[in-house]
$ cat entry_8.txt   # compact mmCIF, C-alpha atoms and all ligand atoms
# COMPACT_ATOMS: atom_id res chain seq x y z
CA MET A 1 -61.93 22.55 -78.39
CA GLN A 2 -63.24 25.31 -80.65
CA LEU A 3 -61.57 28.72 -80.67
CA ASP A 4 -64.62 30.15 -78.86
CA SER A 5 -64.94 27.30 -76.30
CA ARG A 6 -65.15 28.28 -72.65
CA ILE A 7 -61.87 27.00 -71.26
CA TYR A 8 -60.93 27.28 -67.58
CA VAL A 9 -57.23 27.15 -66.69
CA ALA A 10 -57.01 26.51 -62.95
CA GLY A 11 -53.67 27.74 -61.60
CA HIS A 12 -52.90 30.14 -64.45
CA ARG A 13 -50.24 32.04 -62.52
CA GLY A 14 -48.01 29.07 -61.83
CA LEU A 15 -45.27 27.55 -63.97
CA VAL A 16 -47.61 25.08 -65.71
CA GLY A 17 -50.85 27.08 -65.82
CA SER A 18 -49.17 30.19 -67.22
CA ALA A 19 -47.57 28.10 -69.98
CA ILE A 20 -50.95 26.56 -70.86
CA LEU A 21 -52.49 30.04 -70.95
CA ARG A 22 -49.70 31.27 -73.29
CA GLN A 23 -50.23 28.25 -75.52
CA LEU A 24 -54.02 28.71 -75.71
CA GLN A 25 -53.87 32.45 -76.31
CA GLY A 26 -51.10 32.01 -78.88
CA SER A 27 -53.27 29.49 -80.74
CA GLY A 28 -56.25 31.87 -80.93
CA TYR A 29 -58.55 30.59 -78.14
CA PHE A 30 -60.29 33.74 -76.98
CA ASN A 31 -62.67 32.52 -74.29
CA VAL A 32 -60.22 31.44 -71.65
CA ILE A 33 -61.38 31.87 -68.04
CA THR A 34 -58.90 32.47 -65.22
CA ARG A 35 -59.17 33.37 -61.54
CA SER A 36 -56.37 34.36 -59.22
CA HIS A 37 -56.09 32.65 -55.84
CA LYS A 38 -57.46 35.81 -54.26
CA GLU A 39 -60.53 35.76 -56.51
CA LEU A 40 -61.22 32.04 -56.09
CA ASP A 41 -59.77 29.81 -53.38
CA LEU A 42 -60.00 26.32 -54.86
CA GLU A 43 -59.73 24.76 -51.40
CA ARG A 44 -63.20 26.15 -50.59
CA GLN A 45 -65.82 23.77 -51.91
CA GLN A 46 -68.79 26.14 -52.02
CA ASP A 47 -66.79 28.83 -53.82
CA VAL A 48 -65.72 26.31 -56.45
CA GLU A 49 -69.32 25.10 -56.91
CA ASP A 50 -70.53 28.70 -57.28
CA PHE A 51 -67.80 29.46 -59.80
CA PHE A 52 -68.67 26.44 -61.99
CA TYR A 53 -72.40 27.18 -61.68
CA MET A 54 -71.88 30.76 -62.88
CA GLN A 55 -69.14 30.25 -65.49
CA ARG A 56 -70.05 26.84 -66.98
CA PRO A 57 -66.65 26.06 -68.46
CA GLU A 58 -66.69 23.43 -71.22
CA TYR A 59 -63.03 22.43 -70.85
CA VAL A 60 -60.84 22.49 -67.74
CA PHE A 61 -57.07 22.29 -67.35
CA LEU A 62 -56.47 21.46 -63.68
CA ALA A 63 -52.98 22.89 -63.18
CA ALA A 64 -53.59 24.37 -59.73
CA ALA A 65 -51.53 22.59 -57.08
CA ARG A 66 -49.32 23.15 -54.09
CA VAL A 67 -45.89 22.19 -55.41
CA GLY A 68 -42.28 22.46 -54.38
CA GLY A 69 -38.88 20.84 -54.48
CA ILE A 70 -37.54 18.03 -52.36
CA TRP A 71 -37.12 20.12 -49.19
CA ALA A 72 -40.62 21.68 -49.30
CA ASN A 73 -42.21 18.28 -49.95
CA GLN A 74 -40.39 16.77 -47.00
CA THR A 75 -41.05 19.70 -44.63
CA TYR A 76 -44.74 20.42 -45.29
CA PRO A 77 -46.38 17.01 -45.93
CA ALA A 78 -49.64 17.94 -44.19
CA GLU A 79 -50.04 21.10 -46.28
CA PHE A 80 -49.17 19.24 -49.46
CA ILE A 81 -51.73 16.50 -48.95
CA TYR A 82 -54.48 18.77 -47.61
CA SER A 83 -54.19 21.43 -50.25
CA ASN A 84 -53.83 19.13 -53.24
CA LEU A 85 -56.59 16.76 -52.18
CA SER A 86 -59.00 19.64 -51.52
CA VAL A 87 -58.39 21.27 -54.89
CA GLU A 88 -58.80 17.96 -56.75
CA VAL A 89 -61.96 16.93 -54.89
CA ASN A 90 -63.58 20.34 -55.39
CA VAL A 91 -62.66 20.90 -59.03
CA VAL A 92 -63.20 17.35 -60.33
CA HIS A 93 -66.56 17.04 -58.59
CA ALA A 94 -67.74 20.48 -59.80
CA ALA A 95 -66.60 19.59 -63.34
CA PHE A 96 -68.85 16.52 -63.18
CA ARG A 97 -71.81 18.37 -61.64
CA TYR A 98 -71.74 21.20 -64.15
CA GLY A 99 -71.24 19.09 -67.26
CA VAL A 100 -67.64 19.89 -68.26
CA LYS A 101 -67.00 18.17 -71.63
CA LYS A 102 -63.38 17.31 -70.87
CA LEU A 103 -61.02 17.89 -67.96
CA LEU A 104 -57.27 17.40 -68.02
CA PHE A 105 -55.68 16.72 -64.64
CA LEU A 106 -51.97 17.35 -64.15
CA GLY A 107 -50.16 14.90 -61.90
CA SER A 108 -46.46 14.29 -61.46
CA SER A 109 -43.88 11.60 -62.13
CA CYS A 110 -43.42 11.20 -58.36
CA ILE A 111 -46.60 9.05 -58.33
CA TYR A 112 -44.40 6.13 -59.45
CA PRO A 113 -42.46 3.84 -57.10
CA LYS A 114 -39.12 5.09 -55.75
CA LEU A 115 -37.22 2.22 -57.35
CA ALA A 116 -39.33 1.72 -60.47
CA PRO A 117 -37.58 0.09 -63.46
CA GLN A 118 -36.42 2.74 -65.96
CA PRO A 119 -37.79 4.20 -68.15
CA ILE A 120 -41.01 4.25 -66.11
CA LYS A 121 -44.06 2.89 -67.90
CA GLU A 122 -47.58 4.00 -66.97
CA GLU A 123 -48.44 0.51 -65.72
CA TYR A 124 -45.83 0.70 -62.91
CA LEU A 125 -48.24 2.86 -60.90
CA LEU A 126 -48.76 1.42 -57.39
CA SER A 127 -46.48 -1.56 -58.02
CA ALA A 128 -44.06 -0.77 -55.11
CA PRO A 129 -43.46 1.82 -52.30
CA LEU A 130 -43.16 5.53 -53.06
CA GLU A 131 -40.19 7.85 -52.50
CA PRO A 132 -40.58 9.01 -48.86
CA THR A 133 -39.52 12.66 -49.44
CA ASN A 134 -42.60 13.31 -51.58
CA GLU A 135 -45.05 10.66 -50.46
CA ALA A 136 -47.71 13.14 -49.30
CA TYR A 137 -47.75 14.97 -52.64
CA ALA A 138 -47.69 11.69 -54.57
CA MET A 139 -50.59 10.27 -52.53
CA ALA A 140 -52.69 13.35 -53.33
CA LYS A 141 -51.85 13.12 -57.05
CA ILE A 142 -52.65 9.39 -57.10
CA ALA A 143 -56.00 10.15 -55.45
CA GLY A 144 -56.64 12.80 -58.12
CA LEU A 145 -55.98 10.53 -61.07
CA LYS A 146 -58.02 7.71 -59.48
CA MET A 147 -60.85 10.16 -58.89
CA CYS A 148 -60.86 11.08 -62.59
CA ARG A 149 -60.91 7.40 -63.52
CA TYR A 150 -63.73 6.51 -61.10
CA TYR A 151 -65.86 9.44 -62.29
CA ASN A 152 -65.32 8.33 -65.89
CA GLU A 153 -66.32 4.78 -64.98
CA GLN A 154 -69.37 5.63 -62.89
CA TYR A 155 -70.63 8.81 -64.55
CA GLY A 156 -69.27 8.57 -68.10
CA THR A 157 -67.23 11.78 -67.81
CA ASN A 158 -64.17 12.40 -70.00
CA PHE A 159 -61.42 13.32 -67.54
CA ILE A 160 -57.83 12.56 -68.54
CA SER A 161 -54.76 12.47 -66.31
CA VAL A 162 -51.27 13.33 -67.49
CA MET A 163 -48.03 12.71 -65.58
CA PRO A 164 -45.32 15.18 -66.51
CA THR A 165 -41.68 14.71 -65.66
CA ASN A 166 -39.70 17.48 -63.81
CA LEU A 167 -40.63 20.77 -65.46
CA PHE A 168 -38.85 24.11 -65.75
CA GLY A 169 -39.26 27.43 -67.55
CA PRO A 170 -40.64 30.95 -67.16
CA ASN A 171 -42.69 31.87 -64.06
CA ASP A 172 -41.08 29.27 -61.84
CA ASN A 173 -40.71 29.60 -58.08
CA TYR A 174 -37.22 30.76 -57.04
CA HIS A 175 -37.62 30.47 -53.28
CA PRO A 176 -34.18 29.38 -52.00
CA GLU A 177 -35.44 26.42 -49.99
CA ASN A 178 -38.84 25.52 -51.44
CA CYS A 179 -38.04 25.53 -55.14
CA HIS A 180 -37.05 22.70 -57.50
CA VAL A 181 -33.47 22.03 -58.48
CA LEU A 182 -33.32 23.90 -61.81
CA PRO A 183 -34.52 27.29 -60.53
CA ALA A 184 -32.34 26.74 -57.44
CA LEU A 185 -29.27 26.30 -59.64
CA ILE A 186 -30.05 29.40 -61.71
CA CYS A 187 -30.57 31.49 -58.61
CA LYS A 188 -27.54 30.18 -56.69
CA PHE A 189 -25.08 30.50 -59.60
CA HIS A 190 -26.41 33.93 -60.61
CA ASP A 191 -26.15 35.31 -57.06
CA ALA A 192 -22.68 33.81 -56.59
CA ARG A 193 -21.44 35.36 -59.84
CA VAL A 194 -22.76 38.85 -59.17
CA MET A 195 -21.57 38.76 -55.55
CA GLY A 196 -18.14 37.47 -56.54
CA LYS A 197 -18.37 34.31 -54.43
CA THR A 198 -15.86 31.52 -54.97
CA ASP A 199 -18.17 28.57 -54.29
CA VAL A 200 -21.78 27.43 -54.37
CA THR A 201 -23.29 24.73 -52.16
CA LEU A 202 -25.71 22.26 -53.72
CA TRP A 203 -27.71 19.49 -52.08
CA GLY A 204 -27.10 15.78 -51.91
CA THR A 205 -24.45 13.84 -53.82
CA GLY A 206 -25.27 15.09 -57.33
CA GLU A 207 -25.60 11.43 -58.40
CA PRO A 208 -29.42 11.24 -58.85
CA ARG A 209 -30.68 11.44 -62.39
CA ARG A 210 -33.67 13.50 -63.48
CA GLU A 211 -35.48 14.18 -66.74
CA PHE A 212 -36.33 17.82 -67.48
CA LEU A 213 -39.01 19.10 -69.84
CA TYR A 214 -39.34 22.74 -70.87
CA VAL A 215 -42.79 23.87 -69.73
CA ASP A 216 -43.86 25.27 -73.12
CA ASP A 217 -43.44 21.75 -74.53
CA LEU A 218 -45.65 20.44 -71.73
CA ALA A 219 -48.29 23.04 -72.60
CA ASP A 220 -48.10 22.02 -76.25
CA ALA A 221 -48.59 18.35 -75.23
CA VAL A 222 -51.62 18.97 -73.02
CA VAL A 223 -53.41 21.12 -75.61
CA PHE A 224 -52.64 18.41 -78.20
CA LEU A 225 -54.14 15.72 -75.91
CA MET A 226 -57.16 17.85 -75.05
CA ASN A 227 -57.86 18.36 -78.76
CA HIS A 228 -57.22 14.88 -80.09
CA TYR A 229 -57.66 12.26 -77.38
CA ASP A 230 -60.29 11.07 -74.93
CA TYR A 231 -60.15 9.00 -71.76
CA SER A 232 -61.00 5.94 -73.86
CA ASP A 233 -57.75 6.44 -75.87
CA VAL A 234 -55.49 7.59 -73.03
CA GLY A 235 -56.46 5.21 -70.20
CA GLU A 236 -55.81 5.89 -66.54
CA VAL A 237 -52.63 7.96 -67.02
CA ILE A 238 -50.24 9.09 -69.72
CA ASN A 239 -46.62 10.19 -69.24
CA ILE A 240 -45.25 13.44 -70.69
CA GLY A 241 -41.49 13.80 -70.88
CA ALA A 242 -38.47 14.54 -72.99
CA GLY A 243 -37.26 10.92 -73.13
CA LYS A 244 -33.73 11.69 -71.81
CA ASP A 245 -32.29 12.17 -68.33
CA ILE A 246 -29.15 13.73 -66.86
CA SER A 247 -27.36 13.55 -63.49
CA ILE A 248 -27.76 16.51 -61.12
CA LYS A 249 -23.95 16.98 -61.35
CA GLU A 250 -24.12 17.27 -65.15
CA LEU A 251 -27.11 19.59 -64.87
CA ALA A 252 -25.22 21.79 -62.40
CA GLU A 253 -22.28 22.09 -64.83
CA LEU A 254 -24.66 23.04 -67.64
CA VAL A 255 -26.43 25.75 -65.64
CA LYS A 256 -23.13 27.01 -64.20
CA ARG A 257 -21.74 27.51 -67.73
CA ASN A 258 -24.94 29.18 -68.91
CA VAL A 259 -25.00 31.63 -66.02
CA GLY A 260 -21.27 32.29 -66.28
CA PHE A 261 -20.20 31.30 -62.75
CA GLU A 262 -16.58 30.17 -62.61
CA GLY A 263 -16.17 29.05 -59.00
CA ARG A 264 -16.38 25.70 -57.24
CA ILE A 265 -19.37 23.47 -56.45
CA ILE A 266 -19.63 21.96 -52.94
CA TRP A 267 -22.05 19.05 -52.39
CA ASP A 268 -23.84 19.08 -49.03
CA THR A 269 -24.51 15.38 -48.49
CA SER A 270 -26.52 16.04 -45.32
CA LYS A 271 -29.34 17.06 -47.71
CA PRO A 272 -31.51 14.35 -49.32
CA ASP A 273 -30.94 12.94 -52.82
CA GLY A 274 -34.52 11.74 -53.24
CA THR A 275 -35.29 9.04 -55.74
CA PRO A 276 -32.14 7.83 -57.56
CA ARG A 277 -33.60 8.01 -61.06
CA LYS A 278 -36.82 9.24 -62.63
CA LEU A 279 -37.02 8.82 -66.40
CA LEU A 280 -40.45 8.42 -67.93
CA ASP A 281 -41.28 6.05 -70.75
CA VAL A 282 -43.00 8.36 -73.24
CA SER A 283 -43.55 5.82 -76.02
CA LYS A 284 -47.34 5.93 -75.58
CA LEU A 285 -47.45 9.70 -76.18
CA ASN A 286 -44.87 9.45 -78.98
CA ARG A 287 -47.06 6.88 -80.73
CA MET A 288 -49.94 9.36 -80.58
CA GLY A 289 -47.78 11.75 -82.58
CA TRP A 290 -46.29 14.09 -79.97
CA HIS A 291 -42.55 14.66 -79.28
CA ALA A 292 -40.72 17.22 -77.13
CA LYS A 293 -39.11 20.01 -79.18
CA THR A 294 -36.97 22.14 -76.88
CA GLY A 295 -33.50 20.86 -75.99
CA LEU A 296 -32.30 21.18 -72.40
CA GLN A 297 -29.57 23.77 -73.24
CA GLU A 298 -32.03 25.93 -75.17
CA GLY A 299 -34.62 25.63 -72.39
CA ILE A 300 -32.08 26.68 -69.76
CA ARG A 301 -30.99 29.65 -71.88
CA ARG A 302 -34.59 30.84 -72.29
CA THR A 303 -35.35 30.30 -68.61
CA TYR A 304 -32.31 32.26 -67.48
CA ASP A 305 -33.24 35.11 -69.85
CA CYS A 306 -36.74 35.17 -68.33
CA TYR A 307 -35.33 35.04 -64.80
CA CYS A 308 -33.23 38.12 -65.47
CA ARG A 309 -36.11 39.91 -67.20
CA GLU A 310 -38.69 39.06 -64.51
CA LEU A 311 -36.44 40.30 -61.73
CA GLY A 312 -35.28 43.30 -63.74
CA LEU A 313 -31.72 41.98 -63.50
CA ASP A 314 -28.88 42.69 -65.82
CA LYS A 315 -27.31 39.43 -66.98
CA GLY A 316 -24.01 41.24 -66.71
CA LEU A 317 -22.32 38.95 -69.23
CA GLU A 318 -20.20 40.07 -72.14
O1 LIG A 401 -36.00 19.27 -57.99
P1 LIG A 401 -35.88 18.65 -56.66
O2 LIG A 401 -36.07 19.52 -55.49
O3 LIG A 401 -36.92 17.48 -56.47
O4 LIG A 401 -34.42 17.97 -56.51
P2 LIG A 401 -37.12 15.92 -56.89
C1 LIG A 401 -33.85 17.16 -57.49
C2 LIG A 401 -32.44 16.76 -57.07
O5 LIG A 401 -31.60 17.91 -57.09
C3 LIG A 401 -32.32 16.15 -55.68
C4 LIG A 401 -30.83 17.97 -55.89
O6 LIG A 401 -31.41 15.08 -55.69
C5 LIG A 401 -31.75 17.31 -54.86
O7 LIG A 401 -31.02 16.88 -53.71
N1 LIG A 401 -30.42 19.35 -55.59
C6 LIG A 401 -29.14 19.81 -55.55
C7 LIG A 401 -31.23 20.38 -55.25
N2 LIG A 401 -29.11 21.08 -55.17
C8 LIG A 401 -30.39 21.48 -54.99
C9 LIG A 401 -30.98 22.72 -54.59
O8 LIG A 401 -30.30 23.72 -54.33
N3 LIG A 401 -32.34 22.76 -54.52
C10 LIG A 401 -33.13 21.66 -54.81
N4 LIG A 401 -34.47 21.76 -54.74
N5 LIG A 401 -32.58 20.46 -55.16
C11 LIG A 401 -39.56 16.67 -56.61
C12 LIG A 401 -40.67 16.20 -55.72
O9 LIG A 401 -38.60 15.72 -56.43
O10 LIG A 401 -39.86 16.67 -57.98
C13 LIG A 401 -41.98 16.73 -56.11
O11 LIG A 401 -40.34 16.44 -54.38
C14 LIG A 401 -42.22 16.71 -57.60
O12 LIG A 401 -42.97 16.02 -55.46
C15 LIG A 401 -41.04 17.26 -58.35
O13 LIG A 401 -42.51 15.41 -58.04
C16 LIG A 401 -41.21 17.15 -59.85
O14 LIG A 401 -36.98 15.70 -58.35
O15 LIG A 401 -36.29 15.04 -56.03
$ encode --input "entry_8.txt" --output "structure tokens" --more "lines below"
Ligand code: GFB
Amino acid sequence: MQLDSRIYVAGHRGLVGSAILRQLQGSGYFNVITRSHKELDLERQQDVEDFFYMQRPEYVFLAAARVGGIWANQTYPAEFIYSNLSVEVNVVHAAFRYGVKKLLFLGSSCIYPKLAPQPIKEEYLLSAPLEPTNEAYAMAKIAGLKMCRYYNEQYGTNFISVMPTNLFGPNDNYHPENCHVLPALICKFHDARVMGKTDVTLWGTGEPRREFLYVDDLADAVVFLMNHYDYSDVGEVINIGAGKDISIKELAELVKRNVGFEGRIIWDTSKPDGTPRKLLDVSKLNRMGWHAKTGLQEGIRRTYDCYCRELGLDKGLE
């Protein structure tokens, strides 16, 4: 990409898209195109075609997606598959029709089998059944990455697909039921502390292990890939992660300390655990010269600061 390239960030208000936008603007790219959901509904094919026809972006980051935590994925499977498939079909096809030079599609580590050997290598894709709680979302993301591959093979496009691990950071969704675990922990511990509660209820057993990547690191990785690598180097998919995982119990203790809650944690085992472990093998990306920079503690501290700032809250800590 050149600093004056026409770059479209689809989904620029979400956790991932807003981080990519910050990264691009911070690096001096001054021709970045964005549209809010109200201005452009990516589920509407004709609107997407018209947008690409008019704007002619040269590079596209496809970060728009319907996402959520374990409960949202399990509760709204029809919405998750419909929305994500529509956006992928419309944007990828329009990118081909209107000559986009390179598109980067963001998937998710839940595309891999529920019981994949750890750490998960890219080639484990479709080698065994998926985790049922997020099968609908995973199916849509698998369709998206396959679509990119098939367009590359048939039409010679340059569309690359990246699979990030669990992400967190500024601009996340803090909905009490629909959000992912890290924002849920921040929100629950913060509320409990300011309301003087003695305990907080978390979901599942706390035994599952997850890998967390600070979203600004993800943004750094995708801009790096967009600038230096093509589909011919990357292949069908490439993992993006921090290379380390942690149990949900350990994570809860870390966030609890950071937020300053001193009460008890209760585990509600009627809620699902999801996949037991999800640690990506990031050796392919590491060999290309990229490594995660932000430690988990530092990422949590920055995220909690942003949470308080965004909501106009006083941290209320000495
Ligand atoms: O982040 P999370 O919702 O999704 O949950 P997944 C991770 C783990 O944290 C699960 C536990 O074992 C949850 O049971 N957990 C404990 C909680 N307390 C809470 C809580 O208060 N809220 C939430 N949300 N979880 C998602 C997929 O899977 O990961 C998506 O459903 C996507 O498709 C995303 O791939 C990255 O890590 O299990």
$ closest_atom_pairs --input "entry_8.txt" --of "region 75-167 of chain A" --to "region 219-232 of chain A" --cutoff "7 Å" --atoms "all atoms listed in the file" --output "CSV"
residue,atom,partner,partner_atom,distance
A:Asn158,CA,A:Tyr231,CA,5.6
A:Phe159,CA,A:Tyr231,CA,6.2
A:Ile160,CA,A:Tyr231,CA,5.3
$ axis_aligned_box --input "entry_8.txt" --around "ligand LIG 401 (chain A)" --padding-each-side "5 Å" --output "JSON"
{"center_x": -36.0, "center_y": 19.4, "center_z": -56.8, "size_x": 23.9, "size_y": 18.7, "size_z": 16.1}
$ atom_distance --input "entry_8.txt" --atom1 "CA of Tyr112 (chain A)" --atom2 "CA of Ser127 (chain A)"
8.1 Å
$ closest_residue --input "entry_8.txt" --among "A:Ala192, A:Val100, A:Ala94, A:Leu251" --to "ligand LIG 401 (chain A)" --atoms "only C-alpha atoms and all ligand atoms"
A:Leu251
$ closest_residue --input "entry_8.txt" --among "A:Trp290, A:Phe52, A:Tyr214, A:Trp71" --to "ligand LIG 401 (chain A)" --atoms "only C-alpha atoms and all ligand atoms"
A:Trp71
$ atom_distance --input "entry_8.txt" --atom1 "CA of Arg302 (chain A)" --atom2 "CA of Leu182 (chain A)"
12.6 Å
$ residues_near_ligand --input "entry_8.txt" --ligand "ligand LIG 401 (chain A)" --cutoff "8 Å" --atoms "all atoms listed in the file" --output "PyMOL selection string"
chain A and resi 67-74+108-111+133-135+137-138+165-167+176-185+188+201-210+248+267+271-276+278
$ atom_distance --input "entry_8.txt" --atom1 "CA of Ile81 (chain A)" --atom2 "CA of Leu285 (chain A)"
28.4 Å
$ closest_residue --input "entry_8.txt" --among "A:Leu3, A:Leu106, A:Met147, A:Leu40" --to "Gly17 (chain A)" --atoms "all atoms listed in the file"
A:Leu106
$ residues_around --input "entry_8.txt" --residues "His37 (chain A)" --least-positions-apart "5" --cutoff "12 Å" --atoms "only C-alpha atoms" --output "list in words"
Ala10, Gly11, His12, Arg13, Gly14, Leu42, Glu43, Arg44, Asp47, Val48, Ala64, Ala65, Arg66 and Val87 of chain A
$ residues_around --input "entry_8.txt" --residues "Ala140 (chain A)" --least-positions-apart "6" --cutoff "9 Å" --atoms "only C-alpha atoms" --output "PyMOL selection string"
chain A and resi 80-85+88+111
$ residues_around --input "entry_8.txt" --residues "Pro113 (chain A)" --least-positions-apart "3" --cutoff "9 Å" --atoms "all atoms listed in the file" --output "PyMOL selection string"
chain A and resi 110+116-117+124-131+275
$ build_atoms --input "entry_8.txt" --residues "region 245-259 of chain A" --atoms "N, CA and C atoms" --output "compact mmCIF listing (two decimals), in the coordinates of the input"
# COMPACT_ATOMS: atom_id res chain seq x y z
N ASP A 245 -32.57 11.63 -69.66
CA ASP A 245 -32.29 12.17 -68.33
C ASP A 245 -30.82 12.57 -68.22
N ILE A 246 -30.49 13.16 -67.07
CA ILE A 246 -29.15 13.73 -66.86
C ILE A 246 -28.89 13.68 -65.35
N SER A 247 -27.62 13.54 -64.94
CA SER A 247 -27.36 13.55 -63.49
C SER A 247 -27.42 15.00 -62.99
N ILE A 248 -27.68 15.15 -61.70
CA ILE A 248 -27.76 16.51 -61.12
C ILE A 248 -26.39 17.19 -61.26
N LYS A 249 -25.30 16.41 -61.16
CA LYS A 249 -23.95 16.98 -61.35
C LYS A 249 -23.80 17.56 -62.75
N GLU A 250 -24.22 16.79 -63.76
CA GLU A 250 -24.12 17.27 -65.15
C GLU A 250 -25.01 18.50 -65.36
N LEU A 251 -26.19 18.45 -64.75
CA LEU A 251 -27.11 19.59 -64.87
C LEU A 251 -26.47 20.84 -64.26
N ALA A 252 -25.85 20.65 -63.09
CA ALA A 252 -25.22 21.79 -62.40
C ALA A 252 -24.13 22.41 -63.28
N GLU A 253 -23.34 21.57 -63.95
CA GLU A 253 -22.28 22.09 -64.83
C GLU A 253 -22.88 22.90 -65.99
N LEU A 254 -23.99 22.38 -66.51
CA LEU A 254 -24.66 23.04 -67.64
C LEU A 254 -25.19 24.42 -67.24
N VAL A 255 -25.84 24.48 -66.10
CA VAL A 255 -26.43 25.75 -65.64
C VAL A 255 -25.30 26.72 -65.27
N LYS A 256 -24.27 26.19 -64.63
CA LYS A 256 -23.13 27.01 -64.20
C LYS A 256 -22.51 27.72 -65.42
N ARG A 257 -22.32 26.95 -66.50
CA ARG A 257 -21.74 27.51 -67.73
C ARG A 257 -22.67 28.58 -68.32
N ASN A 258 -23.97 28.26 -68.33
CA ASN A 258 -24.94 29.18 -68.91
C ASN A 258 -25.00 30.50 -68.17
N VAL A 259 -24.89 30.43 -66.86
CA VAL A 259 -25.00 31.63 -66.02
C VAL A 259 -23.66 32.37 -65.96
